[in-house]
file my_file-v3.txt (compact mmCIF, C-alpha atoms)
# COMPACT_ATOMS: atom_id res chain seq x y z
CA MET A 1 0.00 0.00 0.00
CA MET A 2 1.25 3.47 -0.81
CA ARG A 3 0.55 6.56 1.28
CA ARG A 4 1.15 9.95 -0.26
CA TRP A 5 0.77 13.53 0.87
CA THR A 6 1.95 16.95 -0.31
CA VAL A 7 2.73 20.14 1.54
CA ALA A 8 2.74 23.58 -0.09
CA ALA A 9 5.60 25.90 0.87
CA CYS A 10 5.87 29.71 1.28
CA LEU A 11 2.40 30.30 2.73
CA ALA A 12 3.76 32.35 5.61
CA GLY A 13 4.29 35.43 3.43
CA LEU A 14 0.56 35.72 2.74
CA ALA A 15 -0.15 37.10 6.21
CA THR A 16 2.17 40.06 5.65
CA VAL A 17 0.59 41.29 2.43
CA THR A 18 -1.86 43.64 4.10
CA ALA A 19 0.88 45.07 6.33
CA GLY A 20 2.54 46.78 3.37
CA CYS A 21 5.93 45.16 3.92
CA SER A 22 8.54 46.06 1.32
CA GLY A 23 9.33 43.35 -1.23
CA VAL A 24 6.16 41.31 -0.62
CA PRO A 25 4.27 40.69 -3.90
CA GLU A 26 0.70 41.82 -4.37
CA LEU A 27 -1.96 39.21 -3.53
CA PRO A 28 -3.15 38.66 -7.16
CA GLU A 29 0.46 38.05 -8.21
CA MET A 30 0.89 35.40 -5.48
CA ILE A 31 -2.37 33.67 -6.40
CA ASP A 32 -1.27 33.48 -10.06
CA GLY A 33 1.98 31.73 -9.11
CA ASP A 34 2.74 27.99 -8.90
CA TRP A 35 1.19 26.83 -5.64
CA GLN A 36 0.87 23.15 -6.51
CA PRO A 37 3.52 20.75 -5.18
CA ALA A 38 4.64 17.94 -7.49
CA VAL A 39 2.57 14.75 -7.35
CA LEU A 40 4.16 11.30 -7.35
CA THR A 41 2.62 9.05 -10.03
CA ALA A 42 4.87 5.98 -9.99
CA VAL A 43 8.01 4.48 -8.48
CA ARG A 44 10.09 1.60 -9.79
CA ALA A 45 13.58 0.18 -9.64
CA THR A 46 15.22 0.97 -12.99
CA ALA A 47 18.52 -0.82 -12.35
CA THR A 48 19.93 -3.17 -9.76
CA ASP A 49 21.28 -0.08 -7.96
CA ALA A 50 18.83 2.68 -8.96
CA VAL A 51 15.22 3.68 -8.37
CA THR A 52 13.17 6.27 -10.28
CA LEU A 53 10.35 8.31 -8.76
CA VAL A 54 8.00 9.65 -11.43
CA PHE A 55 6.40 13.04 -10.70
CA ASP A 56 4.07 15.19 -12.77
CA GLU A 57 6.72 17.94 -12.97
CA GLU A 58 10.46 18.41 -12.55
CA VAL A 59 11.77 18.12 -8.99
CA ASN A 60 15.05 18.07 -7.08
CA LEU A 61 15.76 15.72 -4.19
CA GLN A 62 16.07 17.41 -0.79
CA GLU A 63 16.09 14.50 1.68
CA ILE A 64 15.73 10.74 1.43
CA ALA A 65 15.85 7.65 3.64
CA ILE A 66 15.46 4.08 2.38
CA THR A 67 14.41 1.11 4.51
CA PRO A 68 16.00 -1.47 4.67
CA GLU A 69 18.91 0.92 4.76
CA GLN A 70 20.53 1.81 1.44
CA SER A 71 23.03 4.60 0.88
CA VAL A 72 22.38 7.18 -1.85
CA SER A 73 25.23 8.37 -4.06
CA GLY A 74 23.34 10.93 -6.13
CA SER A 75 20.16 11.94 -7.94
CA ARG A 76 19.14 13.67 -11.18
CA TRP A 77 16.01 14.64 -13.09
CA THR A 78 16.00 12.64 -16.33
CA GLY A 79 12.80 13.92 -17.92
CA ALA A 80 11.21 10.55 -17.17
CA GLY A 81 11.48 11.06 -13.43
CA LEU A 82 13.83 11.60 -10.51
CA GLU A 83 16.53 8.92 -10.74
CA VAL A 84 18.12 8.08 -7.41
CA GLN A 85 21.48 6.29 -7.63
CA LEU A 86 22.18 3.92 -4.76
CA GLY A 87 25.47 2.96 -3.18
CA GLY A 88 24.86 -0.77 -3.60
CA ALA A 89 22.71 -3.37 -5.30
CA LEU A 90 19.13 -4.03 -4.21
CA GLU A 91 17.99 -7.53 -3.31
CA PRO A 92 15.99 -8.89 -6.27
CA GLY A 93 12.28 -8.74 -5.53
CA ALA A 94 12.72 -7.43 -1.97
CA GLU A 95 10.40 -4.68 -0.73
CA TYR A 96 11.93 -1.29 0.16
CA TRP A 97 10.40 1.91 1.52
CA ILE A 98 11.36 5.46 0.51
CA ASP A 99 10.72 8.45 2.78
CA ALA A 100 11.67 11.54 0.80
CA ARG A 101 11.21 15.29 0.35
CA VAL A 102 11.48 16.89 -3.09
CA GLU A 103 11.20 20.47 -4.34
CA ASP A 104 9.82 21.71 -7.65
CA VAL A 105 11.23 24.70 -9.55
CA ALA A 106 8.79 27.07 -7.81
CA GLY A 107 9.95 25.99 -4.36
CA ASN A 108 6.93 23.85 -3.46
CA ILE A 109 7.77 20.89 -1.27
CA SER A 110 6.34 17.36 -1.64
CA SER A 111 6.81 14.61 0.94
CA VAL A 112 6.37 10.99 -0.09
CA LEU A 113 6.38 7.65 1.68
CA VAL A 114 6.22 4.84 -0.86
CA SER A 115 7.36 1.26 -1.37
CA PHE A 116 9.09 -0.35 -4.34
CA TYR A 117 10.73 -3.68 -5.14
CA GLY A 118 14.30 -4.49 -6.07
CA LEU A 119 14.83 -5.10 -9.78
CA ASN A 120 15.26 -8.74 -10.71
CA PRO A 121 17.29 -9.01 -13.96
CA ARG A 122 17.14 -12.82 -13.86
CA LEU A 123 13.40 -13.41 -13.65
CA PRO A 124 12.59 -16.44 -15.83
CA PRO A 125 9.58 -16.66 -18.16
CA VAL A 126 6.68 -18.16 -16.21
CA LEU A 127 3.27 -19.43 -17.34
CA ILE A 128 0.10 -20.21 -15.40
CA ASN A 129 -0.20 -23.96 -15.92
CA GLU A 130 -2.99 -25.52 -13.81
CA VAL A 131 -5.78 -24.20 -11.58
CA VAL A 132 -8.17 -25.55 -8.97
CA CYS A 133 -10.83 -22.92 -8.24
CA GLU A 134 -13.52 -25.32 -6.96
CA GLY A 135 -11.67 -26.69 -3.95
CA SER A 136 -13.01 -29.00 -1.27
CA GLY A 137 -12.06 -29.80 2.30
CA ASN A 138 -9.39 -32.26 1.20
CA HIS A 139 -8.15 -30.40 -1.87
CA THR A 140 -8.31 -26.63 -1.50
CA ASP A 141 -7.76 -23.95 -4.15
CA TRP A 142 -4.32 -23.69 -5.73
CA VAL A 143 -2.58 -22.35 -8.83
CA GLU A 144 0.37 -24.05 -10.48
CA LEU A 145 2.93 -22.07 -12.49
CA ARG A 146 5.71 -23.46 -14.66
CA THR A 147 9.01 -21.87 -15.63
CA THR A 148 10.30 -22.13 -19.19
CA ALA A 149 13.89 -21.17 -18.32
CA ALA A 150 16.12 -21.09 -15.26
CA GLY A 151 16.31 -17.97 -13.12
CA ASN A 152 15.39 -16.25 -9.87
CA LEU A 153 11.74 -15.76 -8.80
CA GLY A 154 12.29 -12.70 -6.60
CA GLY A 155 9.42 -10.21 -6.99
CA LEU A 156 7.29 -12.28 -9.37
CA THR A 157 3.68 -11.56 -8.38
CA LEU A 158 0.65 -13.80 -8.86
CA TYR A 159 -2.66 -11.96 -8.55
CA GLU A 160 -6.08 -13.35 -7.84
CA GLY A 161 -7.27 -10.48 -10.02
CA THR A 162 -5.05 -7.87 -11.66
CA PRO A 163 -2.38 -5.41 -10.47
CA THR A 164 -5.11 -2.79 -9.92
CA VAL A 165 -8.12 -4.95 -8.98
CA TRP A 166 -7.24 -7.88 -6.73
CA ASP A 167 -8.42 -9.70 -3.63
CA SER A 168 -5.21 -11.59 -2.84
CA ARG A 169 -1.74 -11.91 -4.29
CA PHE A 170 1.53 -13.71 -3.71
CA VAL A 171 4.93 -12.03 -4.12
CA PHE A 172 7.62 -14.64 -4.61
CA PRO A 173 10.81 -14.57 -2.57
CA ALA A 174 14.21 -14.81 -4.25
CA VAL A 175 14.34 -18.52 -5.13
CA GLU A 176 16.66 -20.06 -7.72
CA VAL A 177 14.78 -22.46 -10.01
CA ASP A 178 15.53 -24.55 -13.07
CA ALA A 179 13.72 -24.57 -16.40
CA GLY A 180 10.53 -26.60 -16.16
CA ALA A 181 10.09 -26.04 -12.42
CA PHE A 182 6.56 -26.29 -11.00
CA LEU A 183 5.49 -23.58 -8.52
CA VAL A 184 2.32 -24.35 -6.57
CA VAL A 185 0.65 -21.41 -4.82
CA HIS A 186 -1.95 -22.50 -2.25
CA PHE A 187 -4.70 -19.89 -1.96
CA LYS A 188 -6.59 -21.38 1.00
CA PRO A 189 -4.09 -22.56 3.62
CA GLU A 190 -5.04 -23.88 7.04
CA GLY A 191 -2.42 -21.75 8.77
CA ILE A 192 -0.57 -24.73 10.22
CA PRO A 193 3.21 -24.74 10.90
CA GLU A 194 3.84 -27.32 8.18
CA GLU A 195 2.80 -24.83 5.48
CA ILE A 196 6.27 -23.48 4.69
CA ASP A 197 7.25 -21.39 1.68
CA GLU A 198 9.95 -23.46 0.01
CA THR A 199 12.94 -21.26 -0.76
CA GLU A 200 15.82 -23.76 -0.63
CA ASP A 201 14.38 -27.29 -0.71
CA SER A 202 11.22 -28.18 -2.65
CA ALA A 203 10.44 -30.92 -0.13
CA ASP A 204 10.32 -28.68 2.97
CA SER A 205 6.58 -28.03 3.10
CA GLY A 206 3.65 -30.02 4.45
CA GLY A 207 -0.07 -29.23 4.37
CA ARG A 208 -2.90 -30.15 2.03
CA ASP A 209 -1.74 -30.83 -1.53
CA ALA A 210 1.89 -30.00 -0.69
CA THR A 211 3.87 -31.39 -3.60
CA PRO A 212 7.01 -33.51 -3.54
CA GLY A 213 7.96 -32.47 -7.06
CA GLY A 214 7.07 -28.76 -6.98
CA TRP A 215 7.93 -25.63 -5.01
CA ASP A 216 5.09 -24.89 -2.57
CA PHE A 217 4.04 -21.42 -1.44
CA TRP A 218 1.14 -20.31 0.77
CA VAL A 219 -1.00 -17.15 0.60
CA VAL A 220 -1.16 -16.05 4.23
CA GLY A 221 -4.80 -15.38 5.16
CA GLY A 222 -5.99 -16.46 1.71
CA ASP A 223 -9.60 -17.59 1.47
CA GLY A 224 -9.56 -19.20 -1.96
CA ILE A 225 -10.22 -18.34 -5.58
CA PRO A 226 -13.61 -17.39 -7.10
CA ASN A 227 -15.18 -20.49 -8.62
CA THR A 228 -17.54 -18.94 -11.19
CA THR A 229 -15.94 -15.71 -12.43
CA GLY A 230 -12.35 -14.67 -11.90
CA ALA A 231 -8.95 -13.84 -13.30
CA LEU A 232 -5.41 -14.87 -12.45
CA SER A 233 -2.48 -12.82 -13.70
CA LEU A 234 1.30 -12.62 -13.42
CA ALA A 235 3.48 -9.52 -13.18
CA PRO A 236 7.29 -9.29 -12.85
CA PHE A 237 6.89 -7.24 -9.66
CA PRO A 238 3.95 -5.83 -7.68
CA GLY A 239 2.15 -3.28 -9.83
CA GLY A 240 4.22 -4.23 -12.87
CA PRO A 241 3.01 -4.97 -16.40
CA VAL A 242 0.92 -8.13 -16.76
CA GLY A 243 2.38 -11.03 -18.66
CA ASP A 244 0.44 -14.28 -18.58
CA ALA A 245 -3.19 -14.55 -17.44
CA ILE A 246 -6.25 -16.76 -17.46
CA LEU A 247 -9.79 -15.31 -17.44
CA TYR A 248 -12.77 -17.54 -16.70
CA THR A 249 -16.52 -17.38 -16.10
CA THR A 250 -19.65 -19.49 -16.17
CA LYS A 251 -21.77 -16.46 -17.15
CA SER A 252 -23.26 -15.45 -20.50
CA TYR A 253 -23.43 -12.19 -22.41
CA ASP A 254 -26.44 -9.96 -21.75
CA ALA A 255 -26.82 -7.19 -24.34
CA ALA A 256 -29.22 -5.27 -22.06
CA ASP A 257 -26.77 -5.27 -19.16
CA PRO A 258 -24.21 -2.42 -19.02
CA LEU A 259 -21.88 -4.92 -17.32
CA ARG A 260 -22.30 -7.30 -20.33
CA GLY A 261 -23.44 -10.12 -18.07
CA PHE A 262 -20.42 -10.16 -15.75
CA GLY A 263 -22.58 -9.16 -12.77
CA LEU A 264 -20.08 -6.98 -10.92
CA ALA A 265 -18.34 -3.82 -12.07
CA SER A 266 -15.10 -5.06 -10.53
CA GLN A 267 -15.27 -8.23 -12.65
CA LEU A 268 -15.76 -6.27 -15.86
CA GLU A 269 -12.93 -3.92 -14.85
CA MET A 270 -10.56 -6.87 -14.36
CA MET A 271 -11.41 -8.37 -17.72
CA GLU A 272 -11.03 -5.04 -19.52
CA GLU A 273 -7.67 -4.40 -17.88
CA LEU A 274 -6.24 -7.76 -18.91
CA THR A 275 -7.59 -7.68 -22.46
CA ALA A 276 -6.34 -4.11 -22.94
CA ALA A 277 -2.89 -5.25 -21.75
CA GLY A 278 -2.86 -7.94 -24.45
CA SER A 279 -2.84 -10.76 -21.90
CA TRP A 280 -6.10 -12.25 -23.22
CA ASN A 281 -7.68 -12.08 -26.66
CA THR A 282 -11.30 -11.38 -27.56
CA ALA A 283 -13.40 -12.08 -30.62
CA GLY A 284 -14.74 -8.53 -30.81
CA ASP A 285 -13.79 -5.06 -29.69
CA GLU A 286 -15.22 -5.54 -26.19
CA VAL A 287 -14.67 -8.46 -23.83
CA ILE A 288 -17.78 -10.52 -23.10
CA PRO A 289 -18.23 -13.70 -21.00
CA GLU A 290 -18.06 -15.94 -24.08
CA ASP A 291 -14.45 -14.79 -24.65
CA LEU A 292 -13.42 -16.42 -21.36
CA PHE A 293 -12.74 -20.02 -20.37
CA ASP A 294 -15.76 -21.82 -18.89
CA PRO A 295 -14.85 -23.59 -15.57
CA GLU A 296 -18.32 -25.08 -15.05
CA ASP A 297 -17.21 -28.74 -15.06
CA SER A 298 -14.10 -28.27 -12.92
CA THR A 299 -13.91 -29.68 -9.39
CA ALA A 300 -11.30 -30.17 -6.68
CA THR A 301 -9.85 -33.10 -8.65
CA ARG A 302 -10.87 -32.04 -12.19
CA SER A 303 -8.47 -29.15 -12.58
CA ILE A 304 -8.26 -26.51 -15.30
CA ASN A 305 -5.18 -27.49 -17.34
CA ARG A 306 -3.03 -25.66 -19.85
CA THR A 307 -3.12 -28.21 -22.67
CA PRO A 308 0.37 -29.68 -23.18
CA GLY A 309 1.70 -28.73 -26.60
CA ALA A 310 -1.02 -26.16 -27.28
CA PRO A 311 0.11 -22.78 -28.64
CA ASP A 312 -0.02 -19.92 -26.17
CA SER A 313 -2.91 -18.08 -27.84
CA ASP A 314 -4.10 -16.24 -24.70
CA SER A 315 -7.58 -17.63 -25.19
CA PRO A 316 -9.78 -20.54 -24.03
CA LEU A 317 -8.14 -22.67 -26.75
CA ASP A 318 -5.08 -23.06 -24.50
CA TRP A 319 -7.04 -24.77 -21.72
CA HIS A 320 -9.11 -27.85 -20.93
CA ILE A 321 -10.61 -29.60 -17.89
CA GLY A 322 -9.05 -32.95 -17.05
CA PRO A 323 -11.00 -36.04 -16.01
CA THR A 324 -11.85 -36.83 -12.40
CA SER A 325 -8.79 -37.42 -10.15
CA SER A 326 -6.37 -36.07 -12.78
CA ALA A 327 -5.34 -32.89 -10.91
CA SER A 328 -1.54 -32.92 -10.72
CA PRO A 329 0.01 -30.09 -8.69
CA GLY A 330 3.79 -30.18 -9.04
CA ALA A 331 3.72 -32.61 -11.98
CA PRO A 332 2.99 -32.51 -15.75
CA ASN A 333 -0.59 -31.87 -16.87
CA THR A 334 -2.89 -34.51 -18.28
CA THR A 335 -3.72 -34.44 -21.98
CA GLU A 336 -7.06 -36.17 -21.34
CA HIS A 337 -10.28 -34.13 -21.38
CA TYR A 338 -13.24 -34.47 -19.09
CA VAL A 339 -16.32 -35.73 -20.90
CA PRO A 340 -19.63 -35.07 -19.08

call {"tool": "encode", "arguments": {"input": "my_file-v3.txt", "output": "structure tokens"}}
result
Amino acid sequence: MMRRWTVAACLAGLATVTAGCSGVPELPEMIDGDWQPAVLTAVRATATDAVTLVFDEEVNLQEIAITPEQSVSGSRWTGAGLEVQLGGALEPGAEYWIDARVEDVAGNISSVLVSFYGLNPRLPPVLINEVVCEGSGNHTDWVELRTTAAGNLGGLTLYEGTPTVWDSRFVFPAVEVDAGAFLVVHFKPEGIPEEIDETEDSADSGGRDATPGGWDFWVVGGDGIPNTTGALSLAPFPGGPVGDAILYTTKSYDAADPLRGFGLASQLEMMEELTAAGSWNTAGDEVIPEDLFDPEDSTATRSINRTPGAPDSDSPLDWHIGPTSSASPGAPNTTEHYVP
């Protein structure tokens, strides 16, 4: 979560205007001046040892503190933002907080307190591979990802939703993985001690559906995944650009409904965000329920599978529901299809 506030400078002189003090500008002249402090619009690590704060106007850095502690060797306005050069490398995917004061060219001061994540230059390509959204008491909701190259997972973010509309998310720690690794994110943990995020050994974790062949991770406080209408998406860091996604619903298009049959404005907003980002394709200009994958026949053991060997078309054609008892967290997907 980001908190932001701004403070205007030089207000003290206003009280002296009516006293006729020499050198104080007339009131209309002061009102016509620049009274608006700069507004922060984004922050992101732009190198392993640099972070850029994007403002709506040019600013200079006055004070800064970074937690966990990082030294600052310099700063400059680049036109794209205020680039802050650090004295050392950031931990890939680790969360940092900036507490800073900046000044615009008119002397207005802005104070910001904002988080960002260390740049991970070795993040491997990752795809959403298998989903259980209709969990039961014995097999609760989970999402399996699969890497297509070796690398470090630090900062990779899986959303139950999108970077702007989400109910829960998981930010991966810095874990070294091989190509073809399975990552299983459990969205409805029991909160027991055995549910351990596996960062060094993929056999460390216990709990329901913990996998001997995959890396298990647990969404603390997670209460599951929507079973009728939802979206899952991946970003390289929290708030970053969406890469892979799956959109699903059991609903149908309603031409008389301004929400097109999705039912909730937040659901339509999610689908529009992901289709606009190019993470999911539609048949027409606007996304409708029929553009999404239908999870109606899925269960706790009939998972939604990325079809092995299918092209990544960002559409329902990439997916199928496996037969009963074919769910395979931490292992290759079935090629068999459920037949009602």

call {"tool": "residues_around", "arguments": {"input": "my_file-v3.txt", "residues": "Asp244 of chain A", "least_positions_apart": "2", "cutoff": "8 Å", "atoms": "all atoms listed in the file", "output": "PyMOL selection string"}}
result
chain A and resi 126-128+233-235+242+246+279+314

call {"tool": "atom_distance", "arguments": {"input": "my_file-v3.txt", "atom1": "atom CA of Pro92 of chain A", "atom2": "atom CA of Pro329 of chain A"}}
result
26.7 Å

call {"tool": "atom_distance", "arguments": {"input": "my_file-v3.txt", "atom1": "atom CA of Glu336 of chain A", "atom2": "atom CA of Gly278 of chain A"}}
result
28.7 Å

call {"tool": "closest_residue", "arguments": {"input": "my_file-v3.txt", "among": "A:Pro236, A:Gly135, A:Pro163, A:Pro124", "to": "Glu176 of chain A", "atoms": "all atoms listed in the file"}}
result
A:Pro124

call {"tool": "residues_around", "arguments": {"input": "my_file-v3.txt", "residues": "Ile225 of chain A", "least_positions_apart": "5", "cutoff": "12 Å", "atoms": "all atoms listed in the file", "output": "list in words"}}
result
Val131, Val132, Cys133, Glu134, Gly135, Ser136, Thr140, Asp141, Trp142, Val143, Tyr159, Glu160, Gly161, Trp166, Asp167, Ser168, Arg169, Val185, His186, Phe187, Lys188, Pro189, Val219, Gly230, Ala231, Leu232, Tyr248 and Ala300 of chain A

call {"tool": "write_last_selection", "arguments": {"input": "my_file-v3.txt", "atoms": "C-alpha atoms", "output": "compact mmCIF listing (two decimals), in the frame of the given file"}}
result
# COMPACT_ATOMS: atom_id res chain seq x y z
CA VAL A 131 -5.78 -24.20 -11.58
CA VAL A 132 -8.17 -25.55 -8.97
CA CYS A 133 -10.83 -22.92 -8.24
CA GLU A 134 -13.52 -25.32 -6.96
CA GLY A 135 -11.67 -26.69 -3.95
CA SER A 136 -13.01 -29.00 -1.27
CA THR A 140 -8.31 -26.63 -1.50
CA ASP A 141 -7.76 -23.95 -4.15
CA TRP A 142 -4.32 -23.69 -5.73
CA VAL A 143 -2.58 -22.35 -8.83
CA TYR A 159 -2.66 -11.96 -8.55
CA GLU A 160 -6.08 -13.35 -7.84
CA GLY A 161 -7.27 -10.48 -10.02
CA TRP A 166 -7.24 -7.88 -6.73
CA ASP A 167 -8.42 -9.70 -3.63
CA SER A 168 -5.21 -11.59 -2.84
CA ARG A 169 -1.74 -11.91 -4.29
CA VAL A 185 0.65 -21.41 -4.82
CA HIS A 186 -1.95 -22.50 -2.25
CA PHE A 187 -4.70 -19.89 -1.96
CA LYS A 188 -6.59 -21.38 1.00
CA PRO A 189 -4.09 -22.56 3.62
CA VAL A 219 -1.00 -17.15 0.60
CA GLY A 230 -12.35 -14.67 -11.90
CA ALA A 231 -8.95 -13.84 -13.30
CA LEU A 232 -5.41 -14.87 -12.45
CA TYR A 248 -12.77 -17.54 -16.70
CA ALA A 300 -11.30 -30.17 -6.68

call {"tool": "residues_near_point", "arguments": {"input": "my_file-v3.txt", "point": "(-20.1, -8.5, -18.0)", "cutoff": "12 Å", "atoms": "only C-alpha atoms", "output": "count of residues only"}}
result
34

call {"tool": "closest_residue", "arguments": {"input": "my_file-v3.txt", "among": "A:Asp297, A:Glu83, A:Asp104, A:Glu95", "to": "Val39 of chain A", "atoms": "all atoms listed in the file"}}
result
A:Asp104

call {"tool": "atom_distance", "arguments": {"input": "my_file-v3.txt", "atom1": "atom CA of Arg146 of chain A", "atom2": "atom CA of Thr334 of chain A"}}
result
14.5 Å

call {"tool": "closest_residue", "arguments": {"input": "my_file-v3.txt", "among": "A:Val84, A:Ala149, A:Ala283, A:Ala174", "to": "Arg44 of chain A", "atoms": "all atoms listed in the file"}}
result
A:Val84

call {"tool": "closest_atom_pairs", "arguments": {"input": "my_file-v3.txt", "of": "segment 115-190 of chain A", "to": "segment 194-208 of chain A", "cutoff": "7 Å", "atoms": "only C-alpha atoms", "output": "tab-separated table"}}
result
residue	atom	partner	partner_atom	distance
A:Asn138	CA	A:Arg208	CA	6.9
A:His139	CA	A:Arg208	CA	6.5
A:Val175	CA	A:Thr199	CA	5.3

call {"tool": "build_atoms", "arguments": {"input": "my_file-v3.txt", "residues": "segment 76-97 of chain A", "atoms": "N, CA and C atoms", "output": "PDB file, in the frame of the given file"}}
result
ATOM      1  N   ARG A  76      19.256  12.733 -10.051  1.00  0.00           N
ATOM      2  CA  ARG A  76      19.140  13.670 -11.180  1.00  0.00           C
ATOM      3  C   ARG A  76      17.757  13.532 -11.792  1.00  0.00           C
ATOM      4  N   TRP A  77      17.269  14.647 -12.347  1.00  0.00           N
ATOM      5  CA  TRP A  77      16.010  14.640 -13.090  1.00  0.00           C
ATOM      6  C   TRP A  77      16.318  14.234 -14.524  1.00  0.00           C
ATOM      7  N   THR A  78      15.682  13.172 -15.008  1.00  0.00           N
ATOM      8  CA  THR A  78      16.000  12.640 -16.330  1.00  0.00           C
ATOM      9  C   THR A  78      14.987  13.031 -17.399  1.00  0.00           C
ATOM     10  N   GLY A  79      13.901  13.679 -17.001  1.00  0.00           N
ATOM     11  CA  GLY A  79      12.800  13.920 -17.920  1.00  0.00           C
ATOM     12  C   GLY A  79      11.733  12.858 -17.769  1.00  0.00           C
ATOM     13  N   ALA A  80      12.161  11.627 -17.430  1.00  0.00           N
ATOM     14  CA  ALA A  80      11.210  10.550 -17.170  1.00  0.00           C
ATOM     15  C   ALA A  80      10.947  10.387 -15.689  1.00  0.00           C
ATOM     16  N   GLY A  81      11.671  11.155 -14.867  1.00  0.00           N
ATOM     17  CA  GLY A  81      11.480  11.060 -13.430  1.00  0.00           C
ATOM     18  C   GLY A  81      12.745  11.422 -12.686  1.00  0.00           C
ATOM     19  N   LEU A  82      12.688  11.318 -11.373  1.00  0.00           N
ATOM     20  CA  LEU A  82      13.830  11.600 -10.510  1.00  0.00           C
ATOM     21  C   LEU A  82      14.570  10.287 -10.283  1.00  0.00           C
ATOM     22  N   GLU A  83      15.736  10.137 -10.876  1.00  0.00           N
ATOM     23  CA  GLU A  83      16.530   8.920 -10.740  1.00  0.00           C
ATOM     24  C   GLU A  83      17.433   9.043  -9.531  1.00  0.00           C
ATOM     25  N   VAL A  84      17.311   8.093  -8.617  1.00  0.00           N
ATOM     26  CA  VAL A  84      18.120   8.080  -7.410  1.00  0.00           C
ATOM     27  C   VAL A  84      19.121   6.941  -7.532  1.00  0.00           C
ATOM     28  N   GLN A  85      20.412   7.287  -7.526  1.00  0.00           N
ATOM     29  CA  GLN A  85      21.480   6.290  -7.630  1.00  0.00           C
ATOM     30  C   GLN A  85      21.868   5.815  -6.243  1.00  0.00           C
ATOM     31  N   LEU A  86      21.901   4.496  -6.066  1.00  0.00           N
ATOM     32  CA  LEU A  86      22.180   3.920  -4.760  1.00  0.00           C
ATOM     33  C   LEU A  86      23.641   3.494  -4.658  1.00  0.00           C
ATOM     34  N   GLY A  87      24.089   3.332  -3.412  1.00  0.00           N
ATOM     35  CA  GLY A  87      25.470   2.960  -3.180  1.00  0.00           C
ATOM     36  C   GLY A  87      25.738   1.483  -3.301  1.00  0.00           C
ATOM     37  N   GLY A  88      24.701   0.675  -3.475  1.00  0.00           N
ATOM     38  CA  GLY A  88      24.860  -0.770  -3.600  1.00  0.00           C
ATOM     39  C   GLY A  88      23.676  -1.384  -4.302  1.00  0.00           C
ATOM     40  N   ALA A  89      23.772  -2.669  -4.566  1.00  0.00           N
ATOM     41  CA  ALA A  89      22.710  -3.370  -5.300  1.00  0.00           C
ATOM     42  C   ALA A  89      21.541  -3.707  -4.381  1.00  0.00           C
ATOM     43  N   LEU A  90      20.335  -3.634  -4.924  1.00  0.00           N
ATOM     44  CA  LEU A  90      19.130  -4.030  -4.210  1.00  0.00           C
ATOM     45  C   LEU A  90      18.975  -5.539  -4.277  1.00  0.00           C
ATOM     46  N   GLU A  91      18.294  -6.104  -3.277  1.00  0.00           N
ATOM     47  CA  GLU A  91      17.990  -7.530  -3.310  1.00  0.00           C
ATOM     48  C   GLU A  91      16.861  -7.756  -4.313  1.00  0.00           C
ATOM     49  N   PRO A  92      17.038  -8.673  -5.258  1.00  0.00           N
ATOM     50  CA  PRO A  92      15.990  -8.890  -6.270  1.00  0.00           C
ATOM     51  C   PRO A  92      14.645  -9.237  -5.642  1.00  0.00           C
ATOM     52  N   GLY A  93      13.633  -8.467  -5.995  1.00  0.00           N
ATOM     53  CA  GLY A  93      12.280  -8.740  -5.530  1.00  0.00           C
ATOM     54  C   GLY A  93      11.977  -8.341  -4.110  1.00  0.00           C
ATOM     55  N   ALA A  94      12.959  -7.824  -3.361  1.00  0.00           N
ATOM     56  CA  ALA A  94      12.720  -7.430  -1.970  1.00  0.00           C
ATOM     57  C   ALA A  94      11.995  -6.086  -1.916  1.00  0.00           C
ATOM     58  N   GLU A  95      11.149  -5.923  -0.887  1.00  0.00           N
ATOM     59  CA  GLU A  95      10.400  -4.680  -0.730  1.00  0.00           C
ATOM     60  C   GLU A  95      11.239  -3.653   0.031  1.00  0.00           C
ATOM     61  N   TYR A  96      11.245  -2.420  -0.475  1.00  0.00           N
ATOM     62  CA  TYR A  96      11.930  -1.290   0.160  1.00  0.00           C
ATOM     63  C   TYR A  96      10.946  -0.138   0.316  1.00  0.00           C
ATOM     64  N   TRP A  97      11.221   0.722   1.299  1.00  0.00           N
ATOM     65  CA  TRP A  97      10.400   1.910   1.520  1.00  0.00           C
ATOM     66  C   TRP A  97      11.252   3.160   1.369  1.00  0.00           C
TER      67      TRP A  97
END
